[in-house]
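Quick notes on the structure that follows.
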Amino acid sequence: MNRIDPILLQKFMDNNQETIWYYAFQINKLRKLCNAVKKDIHYKVIKEKSYTNSNSNEIVIRICCKYNFGLRIDKLLAEILNISRSKVNTMALEEMFLLNPNVTISDKVLDNLQITIKGNWHKYVSFKDYVSSPY
């Protein structure tokens with residue numbers, strides 16, 4: 001039987017929110033311990049400000065996601081842009097996404113991920129859909 005670090009145990013006993021949230025989203029570790037781990041974590045996409053105008057050839061999206069809960073970048077982009085994942089994949093093949101840090105759209109969402117959508121994205125996403133989607 002593994003022993004839990006006494007400091008960590010005390011944090012759990014004190015209901016330390018930061019510690020609890022950190023361990024709550026360690027999905028892969030939890031799956032190894034228990035088959036009943038739910039993967040369908042609910043999340044909310046919140047749009048803070050928009051500096052995009054309809055004539056722009058670029059959209060810049062910054063992702064703030066402190067905890068890793070296994071959400072793929074392509075799934076999030078499909079939700080943000082209100083388009084299908086197949087359209088997101090087509091846009092990726094046309095090299096319309098610049099991801100910083102340098103990851104692929106099939107990778108998991110990272111904190112402080114910046115996604116620049118460039119080129120002729122207008123043919124996949126109508127500006128009206130982009131600004132009015134529920135995020």
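Chain lettering (A, B, ...) mirrors the order of the structure tokens, residue numbering begins at 1 for each chain separately, and ligand numbering begins at 1 in order of display.
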I'd like the neighbourhood of range 102-105 of chain A as a PyMOL selection string, where a residue qualifies if any of its atoms comes within 10 Å (using only C-alpha atoms), though same-chain residues fewer than 6 positions away should be ignored. chain A and resi 72-77+88-89+92+113-115
Point-to-point distance in Å for CA of Gln10 in chain A and CA of Tyr22 in chain A: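 Separation of CA of Tyr22 in chain A and CA of Gln10 in chain A: 15.0 Å.
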Calculate how many Å separate CA of Met96 in chain A from CA of Lys108 in chain A, rounding to one decimal.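 Going from CA of Met96 in chain A over to CA of Lys108 in chain A covers 18.4 Å.
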Provide the CA of Ser126 in chain A to CA of Leu81 in chain A distance in Å, to one decimal place. 8.8 Å
